[in-house]
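S.K.: Right, I'll just put the structure down here and ask away after.
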Amino acid sequence: MLNMKIIILLQILEICLNLHLRRANPSLFPSLQARGIRRVQILSLRRSLSYVIQGMANIESLNLSGCYNLTDNGLGHAFVQEIGSLRALNLSLCKQITDSSLGRIAQYLKGLEVLELGGCSNITNTGLLLIAWGLQRLKSLNLRSCRHLSDVGIGHLAGMTRSAAEGCLGLEQLTLQDCQKLTDLSLKHISRGLTGLRLLNLSFCGGISDAGLLHLSHMGSLRSLNLRSCDNISDTGIMHLAMGSLRLSGLDVSFCDKVGDQSLAYIAQGLDGLKSLSLCSCHISDDGINRMVRQMHGLRTLNIGQCVRITDKGLELIAEHLSQLTGIDLYGCTRITKRGLERITQLPCLKVLNLGLWQMTDSEKVR
């Protein structure tokens, strides 16, 4: 009889081993642990998770992403005592998981450094309060598409509410993509409490505006900021970022249709340390490119796909000044011609040129 069907990907260093388990085998996991296995990914779970946890006392990473049938009850039976070795837990798309499980995690996984909760749509601000109480060592937290979260929950994480104790002040990476209830108040909480943050993903957060970026503009630790499809961000918000004390290496404002040439001038003035810049579908032109490129000599990746006002003149400016460029996205730039492409492909470091349906690599450059 089929008792359990688990497909597990186990990784040690660069060696991957696939196992297909079709029945309960209590001796398997202790055997794997004895061989040094510490990282486990379960792609399909048909029996209690406790078999894995009980058999691998020194487990360091557990990936349950996509295990749609995992419930609070199942996770509760697995986590019944402290597991000090576990550093990374991925529950992405485990849609039945609720705040109850986060309480269990906060109680027994206090050494956790990475927690992935993307797509766990039943999590609320209460769950973030529990995380803020129990997971003081957390460095990376993914809350993508957790639709019930609001400014109150971010305040818990940042230690800005009385009930949240200290909060998760050691966070270095925070993903809030598609959390639609967040406003500029969340950015205020983040800037005051999460001062060590290096990566912040706010893509598709339609409730934030230029005023919120003023709060972020003095976060000296921040290196990567994603504002993709934040509809209320404009040139004014980019000005706030550029006039602050940021030292960004990556910025994405793609599909922010209020961002235009003036933003490129601000970027050249105050964000000239960028290595990666994404401006897809922004209202920029050759004039904006001209105002930016002379100050951006360290730029490695430039994404300007669907910027329909860019012409061969813009490409010539890029080719003349951005000699360190390794990748450029020109998908949907309908006004460029072979002349501009020939100029771009003369860049000495260029490895990837994206034109949409196909990619031109360095071995396929136009001669």
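By order in the structure tokens, chains are A, B, ...; within a chain, residues start at 1; ligands start at 1, following the order shown.
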Going by DSSP on the backbone, which residues of stretch 143-275 of chain A come out as strand (DSSP E)? List them as a list of chain:residue names.
M.R.: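 Filtering stretch 143-275 of chain A to strand (DSSP E) leaves A:Gln173, A:Leu174, A:Thr175, A:Leu199, A:Leu200, A:Asn201, A:Ser224, A:Leu225, A:Asn226, A:Gly250, A:Leu251, A:Asp252.
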S.K.: Can you tell me which residues surround A:Arg104 at a distance of at most 12 Å, considering only C-alpha atoms, apart from same-chain residues fewer than 3 positions away, and format the answer as a ChimeraX atom specification?
M.R.: /A:72-83,97-101,107-110,127,130-131,133-135
S.K.: Show me, as a PyMOL selection string, the residues that have an atom within 9 Å of stretch 290-295 of chain A when counting only C-alpha atoms, minus same-chain residues fewer than 3 positions from it.
M.R.: chain A and resi 261-262+264-269+272-273+285-287+298-299+314+317-318+320-322
S.K.: Take the residues from that selection and write them out as a PDB file, in the first residue's frame, keeping N, CA and C atoms.
M.R.:
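Final output, result_29.pdb:
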```pdb
ATOM      1  N   ASP A 261      12.522  61.376 -18.313  1.00  0.00           N
ATOM      2  CA  ASP A 261      13.879  61.860 -18.521  1.00  0.00           C
ATOM      3  C   ASP A 261      14.448  62.591 -17.305  1.00  0.00           C
ATOM      4  N   GLN A 262      13.598  63.310 -16.585  1.00  0.00           N
ATOM      5  CA  GLN A 262      14.087  64.040 -15.424  1.00  0.00           C
ATOM      6  C   GLN A 262      14.656  63.087 -14.371  1.00  0.00           C
ATOM      7  N   LEU A 264      16.294  60.414 -14.983  1.00  0.00           N
ATOM      8  CA  LEU A 264      17.639  60.030 -15.396  1.00  0.00           C
ATOM      9  C   LEU A 264      18.655  61.091 -14.997  1.00  0.00           C
ATOM     10  N   ALA A 265      18.251  62.337 -15.047  1.00  0.00           N
ATOM     11  CA  ALA A 265      19.137  63.414 -14.596  1.00  0.00           C
ATOM     12  C   ALA A 265      19.394  63.294 -13.095  1.00  0.00           C
ATOM     13  N   TYR A 266      18.352  63.004 -12.316  1.00  0.00           N
ATOM     14  CA  TYR A 266      18.522  62.829 -10.874  1.00  0.00           C
ATOM     15  C   TYR A 266      19.432  61.636 -10.566  1.00  0.00           C
ATOM     16  N   ILE A 267      19.222  60.537 -11.294  1.00  0.00           N
ATOM     17  CA  ILE A 267      20.041  59.340 -11.093  1.00  0.00           C
ATOM     18  C   ILE A 267      21.512  59.646 -11.354  1.00  0.00           C
ATOM     19  N   ALA A 268      21.790  60.399 -12.398  1.00  0.00           N
ATOM     20  CA  ALA A 268      23.173  60.765 -12.723  1.00  0.00           C
ATOM     21  C   ALA A 268      23.800  61.620 -11.627  1.00  0.00           C
ATOM     22  N   GLN A 269      22.986  62.430 -10.958  1.00  0.00           N
ATOM     23  CA  GLN A 269      23.493  63.318  -9.923  1.00  0.00           C
ATOM     24  C   GLN A 269      23.754  62.601  -8.604  1.00  0.00           C
ATOM     25  N   ASP A 272      24.936  57.583  -8.987  1.00  0.00           N
ATOM     26  CA  ASP A 272      25.873  57.230 -10.046  1.00  0.00           C
ATOM     27  C   ASP A 272      26.694  55.979  -9.744  1.00  0.00           C
ATOM     28  N   GLY A 273      26.471  55.369  -8.572  1.00  0.00           N
ATOM     29  CA  GLY A 273      27.153  54.121  -8.245  1.00  0.00           C
ATOM     30  C   GLY A 273      26.388  52.881  -8.678  1.00  0.00           C
ATOM     31  N   SER A 285      13.650  59.095 -23.152  1.00  0.00           N
ATOM     32  CA  SER A 285      14.014  59.317 -24.556  1.00  0.00           C
ATOM     33  C   SER A 285      15.530  59.425 -24.678  1.00  0.00           C
ATOM     34  N   ASP A 286      15.985  59.686 -25.877  1.00  0.00           N
ATOM     35  CA  ASP A 286      17.413  59.891 -26.110  1.00  0.00           C
ATOM     36  C   ASP A 286      17.954  61.035 -25.254  1.00  0.00           C
ATOM     37  N   ASP A 287      17.131  62.054 -25.037  1.00  0.00           N
ATOM     38  CA  ASP A 287      17.560  63.187 -24.227  1.00  0.00           C
ATOM     39  C   ASP A 287      17.880  62.751 -22.796  1.00  0.00           C
ATOM     40  N   GLY A 298      30.134  53.015 -14.273  1.00  0.00           N
ATOM     41  CA  GLY A 298      30.205  51.691 -13.663  1.00  0.00           C
ATOM     42  C   GLY A 298      29.016  50.796 -13.953  1.00  0.00           C
ATOM     43  N   LEU A 299      28.059  51.286 -14.739  1.00  0.00           N
ATOM     44  CA  LEU A 299      26.842  50.524 -15.011  1.00  0.00           C
ATOM     45  C   LEU A 299      27.163  49.245 -15.780  1.00  0.00           C
ATOM     46  N   GLY A 314      20.256  57.262 -29.043  1.00  0.00           N
ATOM     47  CA  GLY A 314      20.409  56.826 -27.658  1.00  0.00           C
ATOM     48  C   GLY A 314      21.385  55.670 -27.529  1.00  0.00           C
ATOM     49  N   LEU A 317      24.932  56.904 -27.778  1.00  0.00           N
ATOM     50  CA  LEU A 317      25.373  57.509 -26.517  1.00  0.00           C
ATOM     51  C   LEU A 317      25.749  56.440 -25.505  1.00  0.00           C
ATOM     52  N   ILE A 318      24.933  55.395 -25.422  1.00  0.00           N
ATOM     53  CA  ILE A 318      25.220  54.288 -24.513  1.00  0.00           C
ATOM     54  C   ILE A 318      26.547  53.625 -24.883  1.00  0.00           C
ATOM     55  N   GLU A 320      29.020  54.874 -26.434  1.00  0.00           N
ATOM     56  CA  GLU A 320      30.162  55.778 -26.268  1.00  0.00           C
ATOM     57  C   GLU A 320      30.601  55.903 -24.818  1.00  0.00           C
ATOM     58  N   HIS A 321      29.642  55.852 -23.888  1.00  0.00           N
ATOM     59  CA  HIS A 321      29.962  56.182 -22.495  1.00  0.00           C
ATOM     60  C   HIS A 321      29.903  54.999 -21.530  1.00  0.00           C
ATOM     61  N   LEU A 322      29.125  53.969 -21.826  1.00  0.00           N
ATOM     62  CA  LEU A 322      28.953  52.854 -20.880  1.00  0.00           C
ATOM     63  C   LEU A 322      29.800  51.665 -21.322  1.00  0.00           C
TER      64      LEU A 322
END
```
S.K.: So that I can check the secondary structure, give me every residue of stretch 190-276 of chain A assigned alpha helix (DSSP H) by backbone DSSP, as number ranges by chain.
M.R.: A: 190-193, 210-216, 235-243, 261-270
S.K.: Would you please work out which residue, of A:Leu330, A:Ile123, A:Ile336, A:Leu91, is nearest to A:Ser281 when using only C-alpha atoms?
M.R.: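 Smallest separation from A:Ser281 among the options: A:Leu330.
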S.K.: Compile the contact shell of A:His218 as a list in words: residues with an atom at most 7 Å away, counting only C-alpha atoms, same-chain residues fewer than 3 positions apart removed.
M.R.: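 In the requested format, the answer is His215, Gly244, Ser245 and Leu246 of chain A.
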S.K.: Using only C-alpha atoms for the distances, tell me which of A:Gly220, A:Pro348, A:Gly212, A:Gly260 is nearest to A:Asp235.
M.R.: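 Nearest candidate to A:Asp235 out of A:Gly220, A:Pro348, A:Gly212, A:Gly260: A:Gly260.
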S.K.: Quick one: pull the distance between atom CA of A:Thr345 and atom CA of A:Leu248, Å, one decimal.
M.R.: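 If I compute the distance from atom CA of A:Thr345 to atom CA of A:Leu248, I get 27.2 Å.
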S.K.: Excluding A:Gly111 and any residue of its chain fewer than 3 positions from it, enumerate the residues within 12 Å of it, using only C-alpha atoms, and give them as a PyMOL selection string.
M.R.: chain A and resi 59-61+82-89+105-108+114-115+131+134-139
